[in-house]
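Source file upload_35.cif; content: mmCIF, C-alpha atoms and all ligand atoms.
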data_protein
#
loop_
_atom_site.label_atom_id
_atom_site.label_comp_id
_atom_site.auth_asym_id
_atom_site.auth_seq_id
_atom_site.Cartn_x
_atom_site.Cartn_y
_atom_site.Cartn_z
CA MET R 1 0.00 0.00 0.00
CA HIS R 2 2.85 2.37 0.70
CA ASP R 3 6.58 2.51 1.28
CA PHE R 4 6.73 4.24 4.67
CA HIS R 5 7.78 1.82 7.38
CA TYR R 6 9.80 1.51 10.56
CA VAL R 7 13.24 -0.02 10.45
CA ALA R 8 14.66 -0.68 13.90
CA GLY R 9 12.31 1.95 15.31
CA ASP R 10 13.03 4.69 12.78
CA LEU R 11 10.53 5.77 10.14
CA TYR R 12 11.79 5.30 6.60
CA CYS R 13 10.54 6.23 3.18
CA GLU R 14 11.73 3.40 0.92
CA GLY R 15 15.43 3.12 1.78
CA VAL R 16 15.86 6.54 3.38
CA PRO R 17 15.45 7.40 7.08
CA ILE R 18 13.14 10.40 7.37
CA ALA R 19 15.27 11.82 10.19
CA SER R 20 18.16 12.21 7.73
CA LEU R 21 15.90 14.28 5.47
CA VAL R 22 14.89 16.49 8.37
CA LYS R 23 18.55 17.13 9.12
CA LYS R 24 19.26 18.09 5.51
CA PHE R 25 16.14 19.95 4.52
CA GLY R 26 14.43 21.04 7.73
CA THR R 27 10.72 21.06 8.52
CA PRO R 28 7.90 21.33 7.60
CA LEU R 29 8.79 18.92 4.82
CA TYR R 30 6.73 16.97 2.32
CA VAL R 31 8.27 13.59 1.50
CA TYR R 32 7.02 11.52 -1.44
CA SER R 33 7.76 7.90 -2.30
CA GLN R 34 8.17 7.38 -6.02
CA ARG R 35 7.66 3.65 -5.63
CA THR R 36 4.29 4.15 -3.92
CA LEU R 37 3.23 6.69 -6.50
CA THR R 38 4.12 4.61 -9.52
CA GLY R 39 3.03 1.38 -7.82
CA HIS R 40 -0.50 2.73 -7.44
CA PHE R 41 -0.57 3.74 -11.08
CA GLN R 42 0.67 0.35 -12.20
CA LYS R 43 -1.77 -1.61 -10.03
CA LEU R 44 -4.69 0.33 -11.42
CA ASP R 45 -3.34 0.06 -14.95
CA ALA R 46 -3.00 -3.71 -14.60
CA ALA R 47 -6.50 -4.09 -13.13
CA LEU R 48 -7.97 -2.23 -16.10
CA ALA R 49 -5.94 -4.21 -18.66
CA PRO R 50 -9.02 -6.03 -20.04
CA LEU R 51 -10.29 -2.64 -21.25
CA ASP R 52 -8.91 -0.25 -23.84
CA HIS R 53 -8.18 2.41 -21.25
CA LEU R 54 -6.20 5.49 -20.32
CA ILE R 55 -5.46 6.62 -16.79
CA CYS R 56 -5.62 10.41 -16.70
CA TYR R 57 -4.00 11.30 -13.38
CA SER R 58 -5.83 14.21 -11.76
CA VAL R 59 -3.14 16.87 -11.61
CA LYS R 60 -4.84 18.91 -8.92
CA ALA R 61 -4.15 16.21 -6.31
CA ASN R 62 -0.40 16.75 -6.48
CA SER R 63 1.01 18.77 -9.33
CA ASN R 64 4.74 18.75 -8.57
CA LEU R 65 6.67 18.46 -11.84
CA ALA R 66 8.56 15.41 -10.59
CA VAL R 67 5.29 13.64 -9.75
CA LEU R 68 3.92 14.44 -13.20
CA ARG R 69 7.13 13.27 -14.89
CA ALA R 70 7.21 9.97 -12.98
CA LEU R 71 3.63 9.25 -14.07
CA SER R 72 4.11 10.50 -17.60
CA ASN R 73 7.05 8.10 -17.93
CA LEU R 74 4.57 5.27 -17.28
CA GLY R 75 2.28 6.48 -20.06
CA SER R 76 -0.15 8.37 -17.88
CA GLY R 77 -2.54 10.92 -19.30
CA PHE R 78 -3.71 13.86 -17.21
CA ASP R 79 -6.95 15.34 -16.00
CA ILE R 80 -6.44 19.09 -15.79
CA VAL R 81 -8.59 21.95 -14.53
CA SER R 82 -6.71 25.07 -15.64
CA GLU R 83 -4.26 26.45 -18.16
CA GLY R 84 -1.71 26.43 -15.36
CA GLU R 85 -2.07 22.68 -14.93
CA LEU R 86 -1.79 22.10 -18.67
CA ARG R 87 1.38 24.18 -18.74
CA ARG R 88 2.73 22.13 -15.82
CA VAL R 89 2.03 18.88 -17.66
CA ILE R 90 3.87 20.21 -20.70
CA ALA R 91 6.74 21.49 -18.53
CA ALA R 92 7.01 18.02 -16.98
CA GLY R 93 7.22 16.38 -20.41
CA GLY R 94 3.64 15.08 -20.50
CA SER R 95 1.60 15.02 -23.68
CA PRO R 96 -1.31 17.46 -24.22
CA LYS R 97 -2.79 14.77 -26.47
CA LYS R 98 -3.45 12.76 -23.32
CA CYS R 99 -5.02 15.66 -21.39
CA ALA R 100 -8.70 16.00 -20.54
CA PHE R 101 -9.71 19.49 -19.43
CA ALA R 102 -12.37 19.57 -16.68
CA GLY R 103 -13.93 22.36 -14.66
CA VAL R 104 -17.01 24.59 -14.70
CA GLY R 105 -15.28 27.90 -15.40
CA LYS R 106 -12.91 27.55 -18.37
CA THR R 107 -12.03 31.01 -19.69
CA GLU R 108 -11.71 31.91 -23.38
CA ALA R 109 -7.96 32.23 -22.99
CA GLU R 110 -7.73 28.78 -21.39
CA ILE R 111 -9.85 27.22 -24.13
CA GLU R 112 -7.70 28.84 -26.82
CA PHE R 113 -4.46 27.66 -25.22
CA ALA R 114 -5.76 24.10 -24.83
CA LEU R 115 -7.01 24.00 -28.43
CA ARG R 116 -3.70 25.22 -29.78
CA ARG R 117 -1.90 22.53 -27.81
CA GLY R 118 -4.24 19.82 -29.11
CA ILE R 119 -5.69 18.36 -25.93
CA TYR R 120 -7.62 15.08 -26.00
CA SER R 121 -10.93 16.46 -24.78
CA PHE R 122 -12.74 19.29 -23.10
CA ASN R 123 -15.03 17.82 -20.46
CA VAL R 124 -17.87 20.29 -20.69
CA GLU R 125 -20.02 21.26 -17.75
CA SER R 126 -22.69 23.53 -19.28
CA GLU R 127 -24.32 24.61 -22.54
CA PRO R 128 -22.84 28.11 -22.48
CA GLU R 129 -19.44 26.44 -22.24
CA LEU R 130 -20.19 24.32 -25.34
CA GLU R 131 -21.10 27.49 -27.21
CA ARG R 132 -17.97 29.24 -26.05
CA ILE R 133 -15.71 26.35 -27.05
CA ASN R 134 -17.45 26.22 -30.45
CA ARG R 135 -16.87 29.95 -30.95
CA VAL R 136 -13.20 29.86 -29.98
CA ALA R 137 -12.61 26.78 -32.15
CA GLY R 138 -14.27 28.54 -35.09
CA ARG R 139 -12.02 31.53 -34.68
CA LEU R 140 -8.95 29.25 -34.65
CA LYS R 141 -10.36 27.12 -37.51
CA LYS R 142 -10.11 23.99 -35.40
CA ALA R 143 -12.49 21.20 -34.40
CA ALA R 144 -12.69 21.09 -30.61
CA PRO R 145 -12.94 17.59 -29.11
CA VAL R 146 -15.62 17.64 -26.41
CA ALA R 147 -17.37 15.33 -23.98
CA VAL R 148 -20.28 16.37 -21.82
CA ARG R 149 -19.96 15.72 -18.13
CA VAL R 150 -23.11 13.92 -17.10
CA ASN R 151 -24.29 14.34 -13.55
CA PRO R 152 -25.79 10.92 -12.78
CA ASN R 153 -27.42 12.14 -9.55
CA VAL R 154 -26.15 9.35 -7.34
CA ALA R 155 -25.15 9.87 -3.73
CA ALA R 156 -21.49 9.11 -3.23
CA GLY R 157 -21.73 8.76 0.55
CA THR R 158 -18.68 10.93 1.08
CA HIS R 159 -18.00 14.31 2.72
CA ALA R 160 -20.31 17.11 1.45
CA LYS R 161 -17.36 19.18 0.26
CA ILE R 162 -16.17 16.37 -2.03
CA THR R 163 -19.49 15.10 -3.40
CA THR R 164 -19.95 16.14 -7.02
CA GLY R 165 -22.45 13.77 -8.61
CA THR R 166 -25.80 14.95 -7.27
CA TYR R 167 -28.08 17.77 -8.42
CA GLU R 168 -27.08 19.80 -5.37
CA ASN R 169 -23.62 20.26 -6.96
CA LYS R 170 -22.45 22.75 -9.53
CA PHE R 171 -20.89 20.01 -11.67
CA GLY R 172 -22.03 18.46 -14.92
CA ILE R 173 -25.30 18.39 -16.82
CA ALA R 174 -28.34 16.59 -15.40
CA PHE R 175 -28.68 13.02 -16.63
CA GLU R 176 -32.14 13.64 -18.12
CA LEU R 177 -30.94 16.61 -20.20
CA VAL R 178 -27.78 15.13 -21.68
CA GLU R 179 -29.29 13.69 -24.88
CA ASP R 180 -30.82 17.02 -25.85
CA VAL R 181 -27.57 18.80 -25.10
CA TYR R 182 -25.70 16.45 -27.46
CA ALA R 183 -28.37 16.99 -30.13
CA ARG R 184 -27.83 20.75 -29.92
CA ALA R 185 -24.06 20.36 -29.68
CA SER R 186 -24.06 18.25 -32.85
CA ARG R 187 -25.32 21.32 -34.72
CA LEU R 188 -22.38 23.42 -33.57
CA LYS R 189 -19.97 23.28 -36.49
CA ASN R 190 -16.65 23.41 -34.70
CA LEU R 191 -17.19 20.69 -32.13
CA ARG R 192 -16.24 17.05 -32.39
CA LEU R 193 -18.34 14.96 -30.00
CA ARG R 194 -15.66 12.65 -28.79
CA GLY R 195 -17.16 11.03 -25.71
CA LEU R 196 -19.03 11.21 -22.44
CA GLN R 197 -17.66 11.88 -18.97
CA MET R 198 -18.74 11.64 -15.33
CA HIS R 199 -17.15 12.07 -11.90
CA ILE R 200 -19.27 11.52 -8.80
CA GLY R 201 -17.02 12.57 -5.95
CA SER R 202 -13.84 11.97 -4.05
CA GLN R 203 -12.63 9.61 -1.32
CA LEU R 204 -15.19 6.92 -2.11
CA THR R 205 -14.29 3.85 -0.11
CA GLU R 206 -16.88 1.48 -1.53
CA VAL R 207 -17.45 0.28 -5.03
CA LYS R 208 -21.24 0.59 -4.79
CA PRO R 209 -21.64 4.29 -5.79
CA PHE R 210 -19.31 3.75 -8.77
CA GLU R 211 -21.33 0.71 -9.74
CA SER R 212 -24.66 2.57 -9.45
CA ALA R 213 -23.37 5.46 -11.54
CA VAL R 214 -21.83 3.24 -14.21
CA ARG R 215 -24.98 1.09 -14.43
CA LYS R 216 -27.05 4.23 -14.86
CA VAL R 217 -24.81 5.94 -17.42
CA VAL R 218 -23.63 3.02 -19.62
CA PRO R 219 -26.97 2.73 -21.50
CA LEU R 220 -26.81 6.47 -22.16
CA ALA R 221 -23.25 6.18 -23.42
CA GLU R 222 -24.34 3.32 -25.69
CA LYS R 223 -27.19 5.35 -27.13
CA LEU R 224 -25.03 8.39 -27.75
CA ALA R 225 -22.17 6.35 -29.20
CA ALA R 226 -24.59 4.97 -31.80
CA LYS R 227 -25.39 8.51 -32.96
CA TYR R 228 -22.10 10.36 -32.65
CA PRO R 229 -18.48 9.45 -33.42
CA PHE R 230 -17.67 8.64 -29.80
CA GLU R 231 -14.28 7.28 -28.82
CA PHE R 232 -14.36 7.30 -25.04
CA PHE R 233 -16.32 7.17 -21.83
CA SER R 234 -14.62 8.63 -18.77
CA ILE R 235 -15.76 7.28 -15.43
CA GLY R 236 -13.94 9.98 -13.46
CA GLY R 237 -11.80 9.56 -10.36
CA GLY R 238 -12.72 9.35 -6.72
CA LEU R 239 -11.17 6.09 -5.51
CA GLY R 240 -10.63 6.47 -1.80
CA ILE R 241 -7.63 5.58 0.29
CA VAL R 242 -7.05 4.55 3.90
CA TYR R 243 -6.43 7.45 6.23
CA GLN R 244 -7.32 5.86 9.50
CA PRO R 245 -5.61 2.72 10.64
CA ALA R 246 -5.79 2.07 14.38
CA LEU R 247 -2.88 3.17 16.52
CA ALA R 248 -0.09 0.67 16.78
CA SER R 249 -0.65 -1.87 19.49
CA GLY R 250 1.19 -4.96 20.56
CA GLY R 251 4.02 -4.18 18.19
CA ALA R 252 1.81 -4.52 15.10
CA ASP R 253 2.51 -2.11 12.31
CA TRP R 254 -0.14 0.55 12.37
CA TRP R 255 -1.19 0.10 8.77
CA GLN R 256 -1.81 -3.63 9.16
CA THR R 257 -5.24 -3.18 10.63
CA PRO R 258 -8.63 -4.64 9.71
CA LYS R 259 -9.68 -1.22 8.42
CA ALA R 260 -6.70 -0.96 6.12
CA LYS R 261 -7.51 -4.39 4.71
CA ASP R 262 -11.02 -3.18 3.77
CA ILE R 263 -9.69 -0.69 1.29
CA LEU R 264 -11.26 -0.37 -2.12
CA THR R 265 -8.51 -2.06 -4.10
CA PRO R 266 -7.98 -1.71 -7.85
CA ALA R 267 -8.85 -5.41 -8.11
CA LYS R 268 -12.24 -4.94 -6.40
CA TYR R 269 -12.95 -1.81 -8.40
CA ALA R 270 -12.08 -3.50 -11.68
CA ALA R 271 -13.89 -6.77 -10.86
CA THR R 272 -17.16 -4.82 -10.53
CA LEU R 273 -16.73 -2.22 -13.25
CA VAL R 274 -14.84 -3.94 -16.06
CA PRO R 275 -17.72 -6.34 -16.94
CA LEU R 276 -20.13 -3.38 -17.05
CA LEU R 277 -17.85 -1.35 -19.31
CA LYS R 278 -16.47 -3.99 -21.63
CA SER R 279 -19.50 -4.22 -23.90
CA LEU R 280 -19.37 -0.50 -24.66
CA HIS R 281 -16.37 -0.95 -26.95
CA LEU R 282 -15.25 2.54 -26.09
CA ARG R 283 -11.96 3.60 -24.67
CA ILE R 284 -12.40 3.96 -20.91
CA LEU R 285 -10.77 6.92 -19.20
CA ILE R 286 -10.30 7.07 -15.45
CA GLU R 287 -9.17 10.16 -13.54
CA PRO R 288 -7.73 9.16 -10.18
CA GLY R 289 -5.86 11.70 -8.11
CA ARG R 290 -5.96 10.80 -4.44
CA PHE R 291 -5.65 7.06 -5.10
CA ILE R 292 -2.33 7.56 -6.89
CA ALA R 293 -0.76 10.28 -4.74
CA GLY R 294 -2.50 10.21 -1.34
CA ASN R 295 -0.58 7.48 0.43
CA ALA R 296 2.59 8.33 -1.45
CA GLY R 297 3.34 11.40 0.65
CA ILE R 298 3.76 12.52 4.24
CA LEU R 299 4.21 15.88 5.92
CA VAL R 300 7.01 15.91 8.46
CA THR R 301 6.82 18.43 11.26
CA ARG R 302 8.81 19.29 14.38
CA VAL R 303 7.36 19.63 17.85
CA GLU R 304 8.01 23.17 19.08
CA TYR R 305 6.22 23.06 22.41
CA VAL R 306 4.17 20.75 24.53
CA LYS R 307 1.61 22.81 26.42
CA ARG R 308 -0.44 21.25 29.17
CA THR R 309 -3.52 23.14 30.23
CA GLY R 310 -5.90 21.85 32.91
CA ARG R 311 -7.83 19.89 30.31
CA LYS R 312 -5.64 19.35 27.35
CA ASN R 313 -2.27 18.25 26.14
CA PHE R 314 -1.40 20.47 23.19
CA VAL R 315 1.41 19.39 20.91
CA ILE R 316 2.36 22.56 19.05
CA VAL R 317 4.17 21.78 15.82
CA ASP R 318 5.89 23.85 13.16
CA ALA R 319 3.53 22.81 10.35
CA ALA R 320 0.17 24.50 10.11
CA MET R 321 -3.08 24.71 8.19
CA ASN R 322 -1.28 26.74 5.54
CA ASP R 323 0.85 23.63 4.82
CA LEU R 324 -1.95 21.06 5.04
CA ILE R 325 -5.49 22.39 5.18
CA ARG R 326 -7.41 19.12 4.95
CA PRO R 327 -8.24 18.73 8.66
CA ALA R 328 -9.52 22.33 8.85
CA PHE R 329 -11.30 22.22 5.51
CA TYR R 330 -12.75 18.70 5.35
CA ASP R 331 -12.52 17.55 8.99
CA SER R 332 -10.18 14.95 7.65
CA TYR R 333 -8.09 12.50 9.58
CA HIS R 334 -4.37 12.05 9.13
CA GLU R 335 -2.56 9.36 11.04
CA ILE R 336 0.21 10.95 13.11
CA VAL R 337 3.28 8.94 14.05
CA PRO R 338 6.62 9.84 15.58
CA LEU R 339 9.73 9.45 13.44
CA ARG R 340 11.23 7.45 16.26
CA ARG R 341 8.83 4.74 17.35
CA ARG R 342 8.23 4.49 21.05
CA ASN R 343 6.22 2.14 23.20
CA GLY R 344 5.80 4.41 26.24
CA PRO R 345 2.60 5.93 27.63
CA ILE R 346 -0.15 7.15 25.30
CA VAL R 347 -1.60 10.62 25.89
CA ALA R 348 -4.73 12.12 24.33
CA SER R 349 -3.29 15.12 22.50
CA ASP R 350 -4.36 18.00 20.31
CA VAL R 351 -1.80 18.46 17.57
CA VAL R 352 -1.96 22.10 16.52
CA GLY R 353 -0.05 24.56 14.36
CA PRO R 354 1.14 28.05 15.24
CA ILE R 355 -1.42 29.94 13.12
CA CYS R 356 -3.82 32.32 14.80
CA GLU R 357 -6.97 30.32 13.99
CA SER R 358 -8.82 27.79 16.10
CA GLY R 359 -9.14 25.78 12.89
CA ASP R 360 -5.38 25.34 12.80
CA TYR R 361 -5.19 21.80 14.09
CA PHE R 362 -4.20 18.39 12.74
CA ALA R 363 -5.82 16.22 15.39
CA LYS R 364 -7.98 16.55 18.47
CA ASN R 365 -7.86 14.25 21.49
CA ARG R 366 -5.67 11.89 19.54
CA PRO R 367 -4.04 9.09 21.51
CA LEU R 368 -0.35 9.69 20.81
CA PRO R 369 2.88 8.53 22.33
CA LYS R 370 4.36 11.15 24.62
CA VAL R 371 6.59 13.41 22.55
CA GLY R 372 8.73 16.36 23.52
CA GLU R 373 10.18 19.51 22.03
CA GLY R 374 12.47 18.90 19.05
CA GLU R 375 11.03 15.51 18.18
CA CYS R 376 9.46 15.07 14.78
CA LEU R 377 6.11 13.70 13.72
CA ALA R 378 4.86 12.47 10.39
CA LEU R 379 1.37 13.29 9.16
CA MET R 380 0.63 10.31 6.99
CA SER R 381 -1.29 10.13 3.71
CA ALA R 382 -0.59 13.76 2.87
CA GLY R 383 0.47 13.20 -0.74
CA ALA R 384 -2.84 14.34 -2.28
CA TYR R 385 -4.52 17.69 -1.68
CA GLY R 386 -1.63 18.56 0.63
CA PHE R 387 1.07 20.81 -0.75
CA VAL R 388 -1.16 21.87 -3.68
CA MET R 389 -3.52 23.59 -1.24
CA ALA R 390 -0.75 25.30 0.71
CA SER R 391 -0.82 29.06 1.12
CA ASN R 392 1.28 31.84 2.59
CA TYR R 393 -1.23 32.65 5.33
CA ASN R 394 0.51 34.23 8.33
CA THR R 395 3.40 34.97 5.93
CA ARG R 396 4.64 31.45 6.27
CA ALA R 397 6.87 30.11 3.52
CA LEU R 398 5.76 27.16 1.42
CA ALA R 399 7.36 23.93 2.60
CA ALA R 400 10.03 22.05 0.67
CA GLU R 401 9.15 18.84 -1.17
CA VAL R 402 11.44 15.83 -1.46
CA LEU R 403 11.08 12.78 -3.69
CA ILE R 404 12.54 9.42 -2.63
CA HIS R 405 13.57 6.74 -5.08
CA GLY R 406 15.13 3.71 -3.41
CA ASN R 407 18.08 5.03 -1.45
CA LYS R 408 18.09 8.33 -3.31
CA SER R 409 16.44 11.59 -2.35
CA ALA R 410 16.05 14.81 -4.29
CA VAL R 411 14.49 18.14 -3.46
CA VAL R 412 11.72 18.56 -6.02
CA ARG R 413 10.74 21.96 -4.73
CA ASP R 414 12.95 24.25 -2.68
CA ARG R 415 11.63 25.72 0.51
CA GLN R 416 10.31 29.16 -0.32
CA SER R 417 12.37 32.03 1.04
CA LEU R 418 10.53 34.62 3.09
CA PRO R 419 11.22 37.63 0.80
CA GLU R 420 9.76 35.61 -2.09
CA ILE R 421 6.41 35.81 -0.36
CA TRP R 422 6.11 39.58 -0.79
CA LYS R 423 8.32 40.06 -3.84
CA ASP R 424 5.39 40.99 -6.08
CA GLU R 425 3.93 43.50 -3.64
CA LYS R 426 4.48 47.21 -4.25
CA LEU R 427 4.13 50.48 -2.40
CA PRO R 428 2.02 53.07 -4.21
CA ALA R 429 3.77 56.38 -4.97
CA TRP R 430 1.84 58.26 -2.27
CA LEU R 431 3.19 56.04 0.47
CA LYS R 432 6.81 56.19 -0.55
C1 LIG R 501 -10.79 16.17 -8.58
C2 LIG R 501 -11.23 15.41 -9.77
C3 LIG R 501 -10.76 14.12 -9.99
C4 LIG R 501 -9.86 13.39 -9.01
O1 LIG R 501 -10.51 13.07 -7.83
P1 LIG R 501 -9.81 12.07 -6.79
O2 LIG R 501 -10.80 11.93 -5.72
O3 LIG R 501 -8.55 12.72 -6.34
O4 LIG R 501 -9.56 10.80 -7.51
C5 LIG R 501 -11.14 13.48 -11.16
N1 LIG R 501 -11.95 14.08 -12.06
C6 LIG R 501 -12.42 15.32 -11.88
C7 LIG R 501 -13.29 15.92 -12.91
C8 LIG R 501 -12.08 16.03 -10.74
O5 LIG R 501 -12.57 17.26 -10.55
#
Please express the file's structure as structure tokens.
Amino acid sequence: MHDFHYVAGDLYCEGVPIASLVKKFGTPLYVYSQRTLTGHFQKLDAALAPLDHLICYSVKANSNLAVLRALSNLGSGFDIVSEGELRRVIAAGGSPKKCAFAGVGKTEAEIEFALRRGIYSFNVESEPELERINRVAGRLKKAAPVAVRVNPNVAAGTHAKITTGTYENKFGIAFELVEDVYARASRLKNLRLRGLQMHIGSQLTEVKPFESAVRKVVPLAEKLAAKYPFEFFSIGGGLGIVYQPALASGGADWWQTPKAKDILTPAKYAATLVPLLKSLHLRILIEPGRFIAGNAGILVTRVEYVKRTGRKNFVIVDAAMNDLIRPAFYDSYHEIVPLRRRNGPIVASDVVGPICESGDYFAKNRPLPKVGEGECLALMSAGAYGFVMASNYNTRALAAEVLIHGNKSAVVRDRQSLPEIWKDEKLPAWLK
């Protein structure tokens, strides 16, 4: 599942002790395992082998150039949501021809750039967007490849902020309206109706919602493919990962827990979905982000203070919500483990950052081994929606990112310097 493990009591990423990285690069520090990253891609790729398929890694989950390059080297395509992401893919050596462009708010400039670069498909979220893409394509004398994102209106059973496939969400076009939308789109001269797309949400830990959505949408895809020159059906991303194994007990490794064994594996996902998709005879696209990158990264942080109030044991660390916002934003859980394993007493602790917000916490009342100032902790499963959501709030520099490959490590993003944070700010003449 991932390549973070204890060796003689010290936490390693692949062949490298994390403590050695802390010494070299400081904290807060994102550490990624290339083997975990590429392993997830390959497992999913192998499970989907019975289908003509393309994995389009969702760039927004972790867009570091090194991550994109490692996946591109394996033949990955990319699911992008902005011109910036497309430019990143190109900068990393990825092919625009394997890029699908999603998102409800594509600007004219973004559409033009993507058309000029020859992307695989625009995944379209509204009729005004279809008209806009048609207009821009006409101006450039190009045929724009498009797929409509169908909203299948199935509950994904996940957190409200990451559900996308119901009519309460801003995403996609309602299932009942899609046929008419294609009929109108087919009259727009500069569009090429290349396929159909859906994406129902993120962090889905059961196959059932995927199955319901696919069962509902496959007949529609079949019908449309008979009318239009379809090449693909994209079933979106959303495969969940394990965030919450039980705390280590009795010497067992903390990820070897019953909960971890319940994970939605590529094999389970494929066993249910491949038979439903095979008869379509379309190329199947899948857009996983979290599944590929989530467990491939950790955020390493140093304990600055331990503060005991009457009620609480606060572990104040040097990482904060500006480095990893998921707990504040989605109430999400990250396993927290010390770099040096210890079997001493367990204390219910609040792990908090230094930012002036009550929301700046990583865990509340978490049973943790007793740690002291200067020790380091790892926030596990921080490879997706971690660094990419980082900000400079409280004028805190963006963390460094390191990629591990076997016994090798490389900084794949330097720690931001403080003056860089305000380098684009200016004083108006009247204040000088
Ligand atoms: C965010 C997103 C994904 C990836 O979601 P994960 O849960 O990270 O797999 C895929 N497709 C679209 C359209 C998205 O917006």
Hey, could you make a per-residue contact list for chain R against ligand LIG 501 (chain R) with 7 Å as the cut-off, showing the nearest pair of atoms and its distance in Å to one decimal, counting all atoms listed in the file, sorted by chain and number, as a tab-separated table?
residue	atom	partner	partner_atom	distance
R:Ser58	CA	R:LIG501	C4	4.9
R:Lys60	CA	R:LIG501	C1	6.6
R:Ala61	CA	R:LIG501	O3	5.6
R:Asp79	CA	R:LIG501	N1	6.5
R:Ala102	CA	R:LIG501	C7	5.3
R:Gly103	CA	R:LIG501	O5	6.7
R:His199	CA	R:LIG501	C7	5.5
R:Gly201	CA	R:LIG501	O2	6.3
R:Ser202	CA	R:LIG501	O2	3.5
R:Gln203	CA	R:LIG501	O2	5.3
R:Gly236	CA	R:LIG501	N1	4.8
R:Gly237	CA	R:LIG501	O4	3.8
R:Gly238	CA	R:LIG501	O2	3.4
R:Leu239	CA	R:LIG501	O4	5.4
R:Gly240	CA	R:LIG501	O2	6.7
R:Glu287	CA	R:LIG501	C5	4.5
R:Pro288	CA	R:LIG501	O4	3.6
R:Gly289	CA	R:LIG501	O3	3.4
R:Arg290	CA	R:LIG501	O3	3.7
R:Phe291	CA	R:LIG501	O4	5.9
Residues near Tyr269 of chain R, cut-off 9 Å, only C-alpha atoms, skip fewer than 5 positions along chain, as an NGL selection string: :R and (47 or 206-207 or 210-211 or 239 or 264 or 274)
Residues of the last selection are to be written out with C-alpha atoms, as a compact mmCIF listing (two decimals), in the frame of the given file.
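Dumped everything to part.txt:
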# COMPACT_ATOMS: atom_id res chain seq x y z
CA ALA R 47 -6.50 -4.09 -13.13
CA GLU R 206 -16.88 1.48 -1.53
CA VAL R 207 -17.45 0.28 -5.03
CA PHE R 210 -19.31 3.75 -8.77
CA GLU R 211 -21.33 0.71 -9.74
CA LEU R 239 -11.17 6.09 -5.51
CA LEU R 264 -11.26 -0.37 -2.12
CA VAL R 274 -14.84 -3.94 -16.06
All residues 12 Å or closer to Ile241 of chain R, only C-alpha atoms, same chain fewer than 6 positions away omitted, as JSON, numbers by chain: {"R": [1, 2, 40, 202, 203, 204, 205, 206, 255, 259, 260, 261, 262, 263, 264, 265, 266, 288, 289, 290, 291, 292, 293, 294, 295, 296, 333, 334, 380, 381, 382, 383, 384]}
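Considering all atoms listed in the file, the residue among R:Ala270, R:Leu130, R:Leu339, R:Ile421 positioned nearest to Ile298 of chain R is R:Leu339.
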Best match for closeness to Gly75 of chain R among R:Lys170, R:Arg149, R:Lys98, R:His5, counting only C-alpha atoms: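 Residue with the minimum atom-to-atom distance to Gly75 of chain R: R:Lys98.
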8 Å per side around segment 422-428 of chain R: axis-aligned box centre and edge lengths, as AutoDock Vina command-line options:
--center_x 5.2 --center_y 46.3 --center_z -3.4 --size_x 22.3 --size_y 29.5 --size_z 21.3
Point-to-point distance in Å for atom CA of Leu299 of chain R and atom CA of Arg326 of chain R: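 So the two atoms, atom CA of Arg326 of chain R and atom CA of Leu299 of chain R, lie 12.1 Å apart.
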Separation of atom CA of Met321 of chain R from atom CA of Asp360 of chain R, in Å and rounded to one decimal: 5.2 Å
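Coordinates place atom CA of Glu110 of chain R at a distance of 15.8 Å from atom CA of Ala143 of chain R.
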Which residues, written as a PDB file with C-alpha atoms, keeping the file's coordinate frame, have at least one atom at most 10 Å from Leu48 of chain R, with all atoms listed in the file counted and residues fewer than 4 positions away on the same chain left out?
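Wrote it out as out.pdb, contents follow:
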ATOM      1  CA  GLN R  42       0.670   0.350 -12.200  1.00  0.00           C
ATOM      2  CA  LYS R  43      -1.770  -1.610 -10.030  1.00  0.00           C
ATOM      3  CA  LEU R  44      -4.690   0.330 -11.420  1.00  0.00           C
ATOM      4  CA  ASP R  52      -8.910  -0.250 -23.840  1.00  0.00           C
ATOM      5  CA  HIS R  53      -8.180   2.410 -21.250  1.00  0.00           C
ATOM      6  CA  LEU R  54      -6.200   5.490 -20.320  1.00  0.00           C
ATOM      7  CA  ILE R  55      -5.460   6.620 -16.790  1.00  0.00           C
ATOM      8  CA  PRO R 266      -7.980  -1.710  -7.850  1.00  0.00           C
ATOM      9  CA  ALA R 267      -8.850  -5.410  -8.110  1.00  0.00           C
ATOM     10  CA  TYR R 269     -12.950  -1.810  -8.400  1.00  0.00           C
ATOM     11  CA  ALA R 270     -12.080  -3.500 -11.680  1.00  0.00           C
ATOM     12  CA  ALA R 271     -13.890  -6.770 -10.860  1.00  0.00           C
ATOM     13  CA  LEU R 273     -16.730  -2.220 -13.250  1.00  0.00           C
ATOM     14  CA  VAL R 274     -14.840  -3.940 -16.060  1.00  0.00           C
ATOM     15  CA  ILE R 284     -12.400   3.960 -20.910  1.00  0.00           C
ATOM     16  CA  ILE R 286     -10.300   7.070 -15.450  1.00  0.00           C
TER      17      ILE R 286
END
From R:Gly195, R:Pro145, R:Pro367, R:Pro209, residue lying nearest Leu285 of chain R [all atoms listed in the file]: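 Among the listed residues, R:Gly195 lies closest to Leu285 of chain R.
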R:Tyr228, R:Trp422, R:Trp430, R:Phe387 ranked by distance to Leu29 of chain R, top pick (using all atoms listed in the file):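 For Leu29 of chain R, the nearest of the candidates is R:Phe387.
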